[in-house]
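A.B. asks: The structure that follows is given in the form of structure tokens.
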There are 2 protein chains.
Amino acid sequence: MSRKPTLAVVGATGAVGTVMLQILSQHADIWGEIRLVASPRSAGRKLAVRGEQVEVLALSEEVFDGVDVAMFDVPDEVAARWAPLAAAKGVVVVDNSAAFRMDPDVPLVVPEVNPHAARVRPRGIVANPNCTTLSMIVAVGALHAEFGLRELIVSSYQAVSGAGRDGVETLRRQLKLVAGSELGTSPGDVRRAVGDDTGPFPEPVALNVVPWAGTLRDDGWSSEEMKVRDESRKILGLPGLRVAATCVRVPVITTHSLTVHARFEDEVTVDRAREILATAPGVVLFDDPAAGEFPTPADVVGTDPTWVGRVRRALDDPTALELFVCGDNLRKGAALNTAQIAELVAKEFTAG
Amino acid sequence: MSRKPTLAVVGATGAVGTVMLQILSQHADIWGEIRLVASPRSAGRKLAVRGEQVEVLALSEEVFDGVDVAMFDVPDEVAARWAPLAAAKGVVVVDNSAAFRMDPDVPLVVPEVNPHAARVRPRGIVANPNCTTLSMIVAVGALHAEFGLRELIVSSYQAVSGAGRDGVETLRRQLKLVAGSELGTSPGDVRRAVGDDTGPFPEPVALNVVPWAGTLRDDGWSSEEMKVRDESRKILGLPGLRVAATCVRVPVITTHSLTVHARFEDEVTVDRAREILATAPGVVLFDDPAAGEFPTPADVVGTDPTWVGRVRRALDDPTALELFVCGDNLRKGAALNTAQIAELVAKEFTAG
Ligand SMILES: NC(=O)c1ccc[n+]([C@@H]2O[C@H](COP(=O)([O-])OP(=O)(O)OC[C@H]3O[C@@H](n4cnc5c(N)ncnc54)[C@H](OP(=O)(O)O)[C@@H]3O)[C@@H](O)[C@H]2O)c1
Ligand SMILES: NC(=O)c1ccc[n+]([C@@H]2O[C@H](COP(=O)([O-])OP(=O)(O)OC[C@H]3O[C@@H](n4cnc5c(N)ncnc54)[C@H](OP(=O)(O)O)[C@@H]3O)[C@@H](O)[C@H]2O)c1
């Protein structure tokens with residue numbers, strides 16, 4: 001067939017869904033009808049996409065009638081239940097949740113790194129990686145392609161919008177409580193000011209950093225840290241890659257940052273690493289500390305690429321590079337990558 | 001001699017000096033006279049120490065007459081000039097600046113790790129490590145004593161008070177500008193709101209993280225990152241230790257956090273690591289994620305020990321441990337460690 005495919009955006013009202021509607025309005029117009037779907041709570045609301053007001057539909061099997069591609073930007077349990085129902089109707093599902101990422105019959109795709117994987121989808125589902133992995137993997141993948149990656153040791157500085165709208169609203173409320181105060185100087189003073197109002201986080205996040213994201217897994221690891229390991233291995237096709245991640249929430253609205261210590265098979269040079277990063281699709285090298293150039297969330301938020309700075313070779317290990325990377329967790333870290341995958345899939349329809 | 005030694009606190013009005021006066025008021029009263037010194041700008045001000053109001057003196061050679069021990073909590077260039085002048089008068093100087101730390105004739109001391117080093121001081125000066133190194137080294141030193149350290153890969157989450165009073169005031173001003181706004185969602189919006197008011201930091205620090213601390217050194221490293229490497233090696237007596245640090249400023253008032261990937265000579269176990277950390281002097285093991293226990297700056301600020309949580313063995317390397325550590329950069333990271341060194345020295349006087 002050669003026609004514009006029909007798209008459904010499931011979770012159109014959420015943190016990721018909201019950015020998705022912006023992206024759909026900005027990207028080349030490859031879609032025919034766009035249907036917006038959310039929970040029954042949102043049914044009847046109107047949202048703007050491509051300059052038009054579109055009414056939100058409550059999620060049901062019927063909303064997938066005639067749909068070619070569906071993007072799912074909903075909680076894990078909603079995706080786990082509804083993505084297979086949509087796929088059973090012949091819809092290609094691009095899912096942003098964690099429900100299917102490690103399913104061997106579901107490809108986990110980053111278009112700059114492993115685009116071909118999107119073509120083989122036995123369950124009719126393509127998974128989008130988690131935002132923390134996505135915030136670094138384009139840069140790391142480009143270096144891996146030339147140097148051969150052996151080990152990743154990463155620490156994250158994760159924005160509150162990684163926990164959805166609730167995360168953003170929680171930090172905004174807490175900031176109002178602490179700004180103009182003398183808090184942050186004696187034990188527990190921020191906690192007492194914030195009270196139980198910690199939203200999706202286990203501790204206050206204003207004037208604080210919280211070394212926890214997700215749920216508890218074996219041996220003290222958090223689910224977010226395990227995702228970084230498991231998903232990096234799957235995307236790069238390196239099942240034995242050594243990965244050690246520590247995930248930490250910081251009081252930033254949007255854009256995840258990571259420090260990356262990447263060890264390769266042989267000696268690397270900073271000059272060659274910089275050449276690779278300067279030319280890799282989807283990567284911006286922003287690295288001149290003498291001129292005050294290194295990425296920060298305040299500059300990166302709202303942009304598409306993975307920004308890389310602070311490129312150094314480890315002083316005591318000529319096979320290792322240090323990087324500081326920033327990526328907008330709602331764009332490349334979620335909506336943009338999903339849109340890119342959906343566009344890859346759409347080509348199959350329009351190529352007809 | 002067996003008498004209470006006379007102490008001078010140089011830089012008594014600063015961020016570190018202010019905490020020093022609290023510590024002097026709380027610790028066992030081992031000092032005779034305490035003289036408070038700062039720049040001529042502060043001369044004549046009165047500050048409380050040990051429940052008394054003491055007048056601040058302007059720094060001059062005369063203020064060291066009759067002084068046994070002087071703590072220096074002043075900028076590098078002030079320490080570089082004045083510490084040798086005080087030492088020439090027979091004063092034992094405990095210096096908190098970076099001016100003498102790497103001088104081979106100046107011991108760099110952490111009382112829990114290398115107390116004996118404080119006895120050998122050819123220049124009459126003992127140096128206090130920088131706050132980032134101090135925030136982790138007590139915990140790392142305890143593990144090293146048993147396991148034998150080979151490599152440290154660390155990322156910091158550094159509080160603004162690490163840049164002195166100016167750092168704290170800058171974040172407070174920026175927080176007032178961003179709280180109650182919708183900033184932090186489009187490129188440069190925080191920067192435009194903050195304008196040139198970035199204080200001692202190269203970028204806005206509210207709603208942001210900034211991967212830069214200190215000045216530019218060779219090959220893209222910051223001075224702060226080089227300090228972590230050089231000072232860790234000197235304190236631990238491991239001149240060949242592999243160290244890779246990335247130092248990042250975060251919007252926290254006081255208490256530095258670090259993620260630590262520590263690789264040892266042989267296999268380690270988490271159980272033994274936890275035993276060591278639970279019994280090490282100056283360390284609190286706070287590590288039960290199931291019960292919501294991991295250290296955060298909001299809980300640690302104002303306390304003396306190094307708090308350690310998130311203890312895990314690397315999944316792909318049985319010789320490596322992951323830790324998340326927090327330490328108050330003004331207490332153990334500066335004033336407390338200086339006070340502890342000064343107390344070690346004072347024993348030489350009182351042991352008479
Ligand atoms: N935030 C990120 O950085 C990020 C990054 C990568 C992946 N993800 C993943 O993307 C997904 C969405 O995250 P988010 O941050 O956008 O969450 P969010 O802001 O909480 O939004 C959740 C969305 O799901 C919808 N929804 C919830 N329950 C539903 C149900 N029973 N039926 C139909 N729709 C339902 C909500 O609709 P209503 O408005 O009607 O409630 C809303 O549109 C999650 O799986 C998340 O893990 C998020
Ligand atoms: N902040 C930390 O976490 C930390 C940690 C470890 C080490 N340090 C080091 O400790 C030192 C002090 O840091 P800080 O953060 O307390 O700085 P700060 O808040 O800026 O205070 C500086 C102090 O030095 C005094 N001073 C400045 N110029 C002087 C001069 N020409 N003569 C005499 N006194 C002078 C100031 O006196 P006035 O008030 O009269 O100007 C003030 O007491 C620095 O070397 C810093 O690198 C700081």
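Convention: chains lettered A, B, ... in structure tokens order; per-chain residue numbering from 1; ligands numbered from 1 as shown.
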Compute the set of protein, DNA and RNA residues whose minimum atom distance to ligand 1 is at most 8 Å, using only C-alpha atoms and all ligand atoms, and state it as number ranges by chain.

C.D. replies: A: 10-18, 37-43, 58-59, 72-76, 78-79, 96-99, 128-132, 159, 161-166, 254, 329-330, 333-335

A.B. asks: Residues of the last selection are to be written out with C-alpha atoms, as a tab-separated table (two decimals), in the first residue's frame.

C.D. replies:
```
chain	number	residue	atom	x	y	z
A	10	VAL	CA	-1.84	6.26	23.50
A	11	GLY	CA	-1.05	8.33	26.61
A	12	ALA	CA	-1.30	11.61	24.69
A	13	THR	CA	-1.99	13.61	27.86
A	14	GLY	CA	1.13	12.55	29.80
A	15	ALA	CA	4.62	14.07	30.14
A	16	VAL	CA	5.91	12.04	27.20
A	17	GLY	CA	2.65	12.31	25.23
A	18	THR	CA	2.68	16.11	25.46
A	37	VAL	CA	-5.94	8.21	23.30
A	38	ALA	CA	-5.66	8.33	27.09
A	39	SER	CA	-7.56	7.08	30.13
A	40	PRO	CA	-11.32	7.59	30.47
A	41	ARG	CA	-10.44	10.50	32.81
A	42	SER	CA	-9.22	12.49	29.78
A	43	ALA	CA	-11.83	11.43	27.23
A	58	ALA	CA	-10.74	6.67	26.04
A	59	LEU	CA	-8.55	3.60	25.55
A	72	PHE	CA	2.25	3.73	23.66
A	73	ASP	CA	3.30	6.32	26.26
A	74	VAL	CA	1.49	4.85	29.26
A	75	PRO	CA	2.49	3.11	32.51
A	76	ASP	CA	4.00	-0.38	32.28
A	78	VAL	CA	-1.34	-0.42	30.88
A	79	ALA	CA	1.11	-1.20	28.07
A	96	ASN	CA	7.78	3.42	25.55
A	97	SER	CA	7.18	1.43	28.74
A	98	ALA	CA	9.42	-1.18	30.34
A	99	ALA	CA	6.87	-3.96	29.74
A	128	ASN	CA	11.79	2.08	23.13
A	129	PRO	CA	14.64	2.05	25.68
A	130	ASN	CA	14.40	3.80	29.02
A	131	CYS	CA	15.37	7.45	29.14
A	132	THR	CA	18.58	7.01	31.14
A	159	ALA	CA	15.62	15.01	35.96
A	161	SER	CA	10.24	14.65	34.59
A	162	GLY	CA	11.66	11.14	34.22
A	163	ALA	CA	8.99	10.35	36.82
A	164	GLY	CA	6.26	11.95	34.69
A	165	ARG	CA	4.05	14.98	35.34
A	166	ASP	CA	3.87	14.07	39.02
A	254	THR	CA	13.98	17.93	32.23
A	329	ASN	CA	14.66	12.68	28.64
A	330	LEU	CA	11.30	13.62	27.13
A	333	GLY	CA	14.93	9.92	25.97
A	334	ALA	CA	11.31	9.11	25.12
A	335	ALA	CA	9.05	10.82	22.57
```

A.B. asks: Using only C-alpha atoms, which protein or nucleic acid residues come within 9 Å of range 202-204 of chain A? Drop anything in the same chain fewer than 3 positions from it, and give the result as a PyMOL selection string.

C.D. replies: (chain A and resi 170-171+174+190-191+194-199+207-210+212-213) or (chain B and resi 292+296+298)

A.B. asks: Based on the selection just made, write N, CA, C and O atoms of those residues as an mmCIF file, in the first residue's frame.

C.D. replies:
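Output below, filename part31.cif:
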```
data_model
loop_
_atom_site.group_PDB
_atom_site.id
_atom_site.type_symbol
_atom_site.label_atom_id
_atom_site.label_comp_id
_atom_site.auth_asym_id
_atom_site.auth_seq_id
_atom_site.Cartn_x
_atom_site.Cartn_y
_atom_site.Cartn_z
ATOM 1 N N THR A 170 5.888 17.876 41.721
ATOM 2 C CA THR A 170 6.466 17.715 43.062
ATOM 3 C C THR A 170 7.656 18.648 43.263
ATOM 4 O O THR A 170 7.743 19.358 44.278
ATOM 5 N N LEU A 171 8.566 18.683 42.310
ATOM 6 C CA LEU A 171 9.719 19.586 42.464
ATOM 7 C C LEU A 171 9.255 21.049 42.485
ATOM 8 O O LEU A 171 9.744 21.842 43.300
ATOM 9 N N GLN A 174 7.955 21.814 45.904
ATOM 10 C CA GLN A 174 9.020 21.854 46.907
ATOM 11 C C GLN A 174 9.887 23.100 46.748
ATOM 12 O O GLN A 174 10.333 23.681 47.746
ATOM 13 N N VAL A 190 15.140 20.335 55.420
ATOM 14 C CA VAL A 190 14.378 20.296 54.164
ATOM 15 C C VAL A 190 13.252 19.273 54.273
ATOM 16 O O VAL A 190 12.115 19.513 53.873
ATOM 17 N N ARG A 191 13.568 18.124 54.858
ATOM 18 C CA ARG A 191 12.546 17.083 54.999
ATOM 19 C C ARG A 191 11.365 17.579 55.836
ATOM 20 O O ARG A 191 10.203 17.336 55.510
ATOM 21 N N VAL A 194 9.216 19.945 53.789
ATOM 22 C CA VAL A 194 8.504 19.283 52.696
ATOM 23 C C VAL A 194 7.434 18.340 53.245
ATOM 24 O O VAL A 194 6.408 18.114 52.603
ATOM 25 N N GLY A 195 7.661 17.821 54.427
ATOM 26 C CA GLY A 195 6.697 16.896 55.018
ATOM 27 C C GLY A 195 6.557 15.638 54.186
ATOM 28 O O GLY A 195 7.542 15.111 53.683
ATOM 29 N N ASP A 196 5.321 15.168 54.040
ATOM 30 C CA ASP A 196 5.095 13.939 53.276
ATOM 31 C C ASP A 196 4.986 14.199 51.789
ATOM 32 O O ASP A 196 4.729 13.276 51.007
ATOM 33 N N ASP A 197 5.169 15.442 51.362
ATOM 34 C CA ASP A 197 4.907 15.800 49.977
ATOM 35 C C ASP A 197 6.098 15.469 49.077
ATOM 36 O O ASP A 197 6.660 16.332 48.409
ATOM 37 N N THR A 198 6.482 14.189 49.048
ATOM 38 C CA THR A 198 7.640 13.815 48.232
ATOM 39 C C THR A 198 7.224 13.211 46.895
ATOM 40 O O THR A 198 8.087 12.777 46.128
ATOM 41 N N GLY A 199 5.928 13.184 46.607
ATOM 42 C CA GLY A 199 5.455 12.734 45.299
ATOM 43 C C GLY A 199 5.996 11.354 44.951
ATOM 44 O O GLY A 199 6.006 10.458 45.798
ATOM 45 N N LEU A 207 16.816 21.018 46.739
ATOM 46 C CA LEU A 207 18.038 21.163 47.569
ATOM 47 C C LEU A 207 18.609 19.809 47.985
ATOM 48 O O LEU A 207 19.180 19.675 49.075
ATOM 49 N N ASN A 208 18.431 18.792 47.138
ATOM 50 C CA ASN A 208 18.871 17.451 47.526
ATOM 51 C C ASN A 208 19.217 16.652 46.271
ATOM 52 O O ASN A 208 18.878 17.059 45.157
ATOM 53 N N VAL A 209 19.891 15.545 46.442
ATOM 54 C CA VAL A 209 20.027 14.532 45.398
ATOM 55 C C VAL A 209 19.654 13.200 46.034
ATOM 56 O O VAL A 209 19.927 12.985 47.214
ATOM 57 N N VAL A 210 19.020 12.333 45.263
ATOM 58 C CA VAL A 210 18.430 11.117 45.832
ATOM 59 C C VAL A 210 18.933 9.901 45.055
ATOM 60 O O VAL A 210 18.579 9.730 43.880
ATOM 61 N N TRP A 212 18.296 7.021 44.251
ATOM 62 C CA TRP A 212 17.345 5.935 44.075
ATOM 63 C C TRP A 212 16.373 6.265 42.953
ATOM 64 O O TRP A 212 15.825 7.366 42.914
ATOM 65 N N ALA A 213 16.149 5.325 42.044
ATOM 66 C CA ALA A 213 15.130 5.474 40.999
ATOM 67 C C ALA A 213 14.596 4.092 40.689
ATOM 68 O O ALA A 213 15.366 3.163 40.407
ATOM 69 N N GLY B 292 13.953 2.174 52.645
ATOM 70 C CA GLY B 292 14.134 3.581 52.246
ATOM 71 C C GLY B 292 15.393 4.201 52.820
ATOM 72 O O GLY B 292 15.498 5.421 52.901
ATOM 73 N N THR B 296 21.233 10.970 51.889
ATOM 74 C CA THR B 296 21.054 12.102 50.973
ATOM 75 C C THR B 296 21.575 13.347 51.695
ATOM 76 O O THR B 296 21.588 13.395 52.931
ATOM 77 N N ALA B 298 20.238 16.097 52.343
ATOM 78 C CA ALA B 298 19.262 16.707 53.250
ATOM 79 C C ALA B 298 19.328 16.093 54.647
ATOM 80 O O ALA B 298 19.015 16.748 55.630
#
```

A.B. asks: DSSP on the backbone: what in range 106-179 of chain B comes out strand (DSSP E or B), as a PyMOL selection string?

C.D. replies: chain B and resi 108+125-127+149-158

A.B. asks: Could you jot down the CA of Thr319 in chain B to CA of Leu134 in chain B separation for me, Å, one decimal place?

C.D. replies: 23.4 Å

A.B. asks: Just the number, please: distance in Å from atom 25 (C, counted along the ligand's line) of ligand 2 to CA of Trp82 in chain B, one decimal.

C.D. replies: 11.8 Å

A.B. asks: Could you give me, as a ChimeraX atom specification, the residues within 7 Å of Ala262 in chain A, counting only C-alpha atoms and dropping anything in the same chain fewer than 6 positions from it?

C.D. replies: /A:151-153,320-322

A.B. asks: By how many Å are CA of Gly180 in chain A and CA of Arg192 in chain A apart?

C.D. replies: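 So the two atoms, CA of Gly180 in chain A and CA of Arg192 in chain A, lie 15.9 Å apart.
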
A.B. asks: Once DSSP has gone over the backbone, tell me which residues of range 210-262 of chain B are in helix (DSSP H, G or I), as a VMD selection string.

C.D. replies: chain B and resid 218 to 220 223 to 236

A.B. asks: For N, CA and C atoms, I'd like the residues from the last selection saved as a PDB file, in the first residue's frame.

C.D. replies:
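The resulting out.pdb:
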```
ATOM      1  N   ASP B 218      45.631  20.354  32.321  1.00  0.00           N
ATOM      2  CA  ASP B 218      45.972  19.717  31.041  1.00  0.00           C
ATOM      3  C   ASP B 218      44.902  18.736  30.572  1.00  0.00           C
ATOM      4  N   ASP B 219      44.809  18.627  29.254  1.00  0.00           N
ATOM      5  CA  ASP B 219      44.001  17.583  28.620  1.00  0.00           C
ATOM      6  C   ASP B 219      42.534  17.603  29.045  1.00  0.00           C
ATOM      7  N   GLY B 220      42.025  18.787  29.379  1.00  0.00           N
ATOM      8  CA  GLY B 220      40.594  18.911  29.636  1.00  0.00           C
ATOM      9  C   GLY B 220      40.156  18.592  31.045  1.00  0.00           C
ATOM     10  N   SER B 223      40.792  21.336  37.790  1.00  0.00           N
ATOM     11  CA  SER B 223      41.682  21.269  38.959  1.00  0.00           C
ATOM     12  C   SER B 223      41.051  20.419  40.059  1.00  0.00           C
ATOM     13  N   GLU B 224      39.729  20.508  40.197  1.00  0.00           N
ATOM     14  CA  GLU B 224      39.050  19.725  41.245  1.00  0.00           C
ATOM     15  C   GLU B 224      39.231  18.226  40.981  1.00  0.00           C
ATOM     16  N   GLU B 225      39.126  17.819  39.725  1.00  0.00           N
ATOM     17  CA  GLU B 225      39.289  16.393  39.391  1.00  0.00           C
ATOM     18  C   GLU B 225      40.724  15.939  39.632  1.00  0.00           C
ATOM     19  N   MET B 226      41.685  16.803  39.330  1.00  0.00           N
ATOM     20  CA  MET B 226      43.084  16.447  39.579  1.00  0.00           C
ATOM     21  C   MET B 226      43.368  16.359  41.075  1.00  0.00           C
ATOM     22  N   LYS B 227      42.706  17.226  41.860  1.00  0.00           N
ATOM     23  CA  LYS B 227      42.887  17.159  43.320  1.00  0.00           C
ATOM     24  C   LYS B 227      42.412  15.806  43.844  1.00  0.00           C
ATOM     25  N   VAL B 228      41.268  15.349  43.360  1.00  0.00           N
ATOM     26  CA  VAL B 228      40.752  14.061  43.847  1.00  0.00           C
ATOM     27  C   VAL B 228      41.780  12.959  43.570  1.00  0.00           C
ATOM     28  N   ARG B 229      42.384  12.998  42.385  1.00  0.00           N
ATOM     29  CA  ARG B 229      43.374  11.966  42.047  1.00  0.00           C
ATOM     30  C   ARG B 229      44.645  12.131  42.890  1.00  0.00           C
ATOM     31  N   ASP B 230      45.226  13.325  42.865  1.00  0.00           N
ATOM     32  CA  ASP B 230      46.513  13.527  43.522  1.00  0.00           C
ATOM     33  C   ASP B 230      46.403  13.348  45.033  1.00  0.00           C
ATOM     34  N   GLU B 231      45.339  13.892  45.618  1.00  0.00           N
ATOM     35  CA  GLU B 231      45.227  13.853  47.083  1.00  0.00           C
ATOM     36  C   GLU B 231      44.865  12.454  47.565  1.00  0.00           C
ATOM     37  N   SER B 232      44.013  11.734  46.828  1.00  0.00           N
ATOM     38  CA  SER B 232      43.702  10.354  47.230  1.00  0.00           C
ATOM     39  C   SER B 232      44.979   9.518  47.249  1.00  0.00           C
ATOM     40  N   ARG B 233      45.790   9.669  46.215  1.00  0.00           N
ATOM     41  CA  ARG B 233      47.056   8.925  46.147  1.00  0.00           C
ATOM     42  C   ARG B 233      47.950   9.257  47.345  1.00  0.00           C
ATOM     43  N   LYS B 234      48.067  10.534  47.673  1.00  0.00           N
ATOM     44  CA  LYS B 234      48.978  10.947  48.751  1.00  0.00           C
ATOM     45  C   LYS B 234      48.462  10.475  50.115  1.00  0.00           C
ATOM     46  N   ILE B 235      47.175  10.645  50.373  1.00  0.00           N
ATOM     47  CA  ILE B 235      46.623  10.254  51.683  1.00  0.00           C
ATOM     48  C   ILE B 235      46.744   8.747  51.881  1.00  0.00           C
ATOM     49  N   LEU B 236      46.435   7.978  50.833  1.00  0.00           N
ATOM     50  CA  LEU B 236      46.455   6.522  50.954  1.00  0.00           C
ATOM     51  C   LEU B 236      47.865   5.954  50.798  1.00  0.00           C
TER      52      LEU B 236
END
```

A.B. asks: For Pro295 in chain A, find every residue with an atom within 9 Å (counting only C-alpha atoms), except residues of its own chain fewer than 5 positions away, and show them as a ChimeraX atom specification.

C.D. replies: /A:257,285-287,300,307-310,324-326 /B:210-211

A.B. asks: Let's have the selection written as a tab-separated table (two decimals), in the first residue's frame, with N, CA, C and O atoms.

C.D. replies:
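selection21.tsv, written as the output of this step:
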```
chain	number	residue	atom	x	y	z
A	257	SER	N	21.50	13.86	32.73
A	257	SER	CA	22.94	13.91	32.48
A	257	SER	C	23.56	12.63	33.00
A	257	SER	O	23.02	12.01	33.94
A	285	LEU	N	28.92	17.46	19.74
A	285	LEU	CA	30.10	17.58	20.59
A	285	LEU	C	30.18	19.03	21.04
A	285	LEU	O	30.26	19.94	20.21
A	286	PHE	N	30.15	19.25	22.36
A	286	PHE	CA	30.15	20.62	22.91
A	286	PHE	C	31.18	20.61	24.02
A	286	PHE	O	30.88	20.31	25.17
A	287	ASP	N	32.42	20.83	23.66
A	287	ASP	CA	33.52	20.45	24.54
A	287	ASP	C	34.70	21.38	24.38
A	287	ASP	O	35.66	21.06	23.67
A	300	VAL	N	20.42	22.15	27.20
A	300	VAL	CA	20.08	21.01	26.35
A	300	VAL	C	18.58	20.78	26.29
A	300	VAL	O	18.05	20.32	25.27
A	307	TRP	N	24.06	15.55	23.74
A	307	TRP	CA	25.17	16.50	23.82
A	307	TRP	C	26.30	15.86	24.63
A	307	TRP	O	26.06	15.31	25.71
A	308	VAL	N	27.52	15.98	24.12
A	308	VAL	CA	28.67	15.36	24.78
A	308	VAL	C	29.75	16.39	25.05
A	308	VAL	O	30.10	17.16	24.15
A	309	GLY	N	30.24	16.41	26.26
A	309	GLY	CA	31.34	17.30	26.62
A	309	GLY	C	32.29	16.61	27.56
A	309	GLY	O	32.15	15.42	27.85
A	310	ARG	N	33.28	17.37	28.02
A	310	ARG	CA	34.27	16.86	28.99
A	310	ARG	C	34.93	15.57	28.51
A	310	ARG	O	35.17	14.65	29.30
A	324	PHE	N	30.90	13.51	29.69
A	324	PHE	CA	29.71	14.00	30.37
A	324	PHE	C	28.67	14.20	29.29
A	324	PHE	O	28.90	14.96	28.33
A	325	VAL	N	27.53	13.50	29.38
A	325	VAL	CA	26.51	13.58	28.33
A	325	VAL	C	25.20	14.11	28.91
A	325	VAL	O	24.87	13.86	30.06
A	326	CYS	N	24.48	14.86	28.09
A	326	CYS	CA	23.14	15.34	28.46
A	326	CYS	C	22.18	15.02	27.32
A	326	CYS	O	22.53	15.24	26.14
B	210	VAL	N	26.17	21.30	36.76
B	210	VAL	CA	27.26	21.95	36.01
B	210	VAL	C	28.53	21.10	36.12
B	210	VAL	O	29.10	21.00	37.21
B	211	PRO	N	28.96	20.51	35.00
B	211	PRO	CA	30.08	19.58	35.09
B	211	PRO	C	31.42	20.29	35.08
B	211	PRO	O	32.28	20.02	34.24
```

A.B. asks: In terms of the shortest atom-to-atom distance over only C-alpha atoms and all ligand atoms, which of B:Glu265, B:Asp299, B:Asp68, B:Glu77 is closest to ligand 2?

C.D. replies: B:Glu77

A.B. asks: List the neighbours of Val92 in chain B out to 7 Å using only C-alpha atoms; skip same-chain residues closer than 6 positions along the sequence, and give me the result as number ranges by chain.

C.D. replies: B: 68-70, 124-125
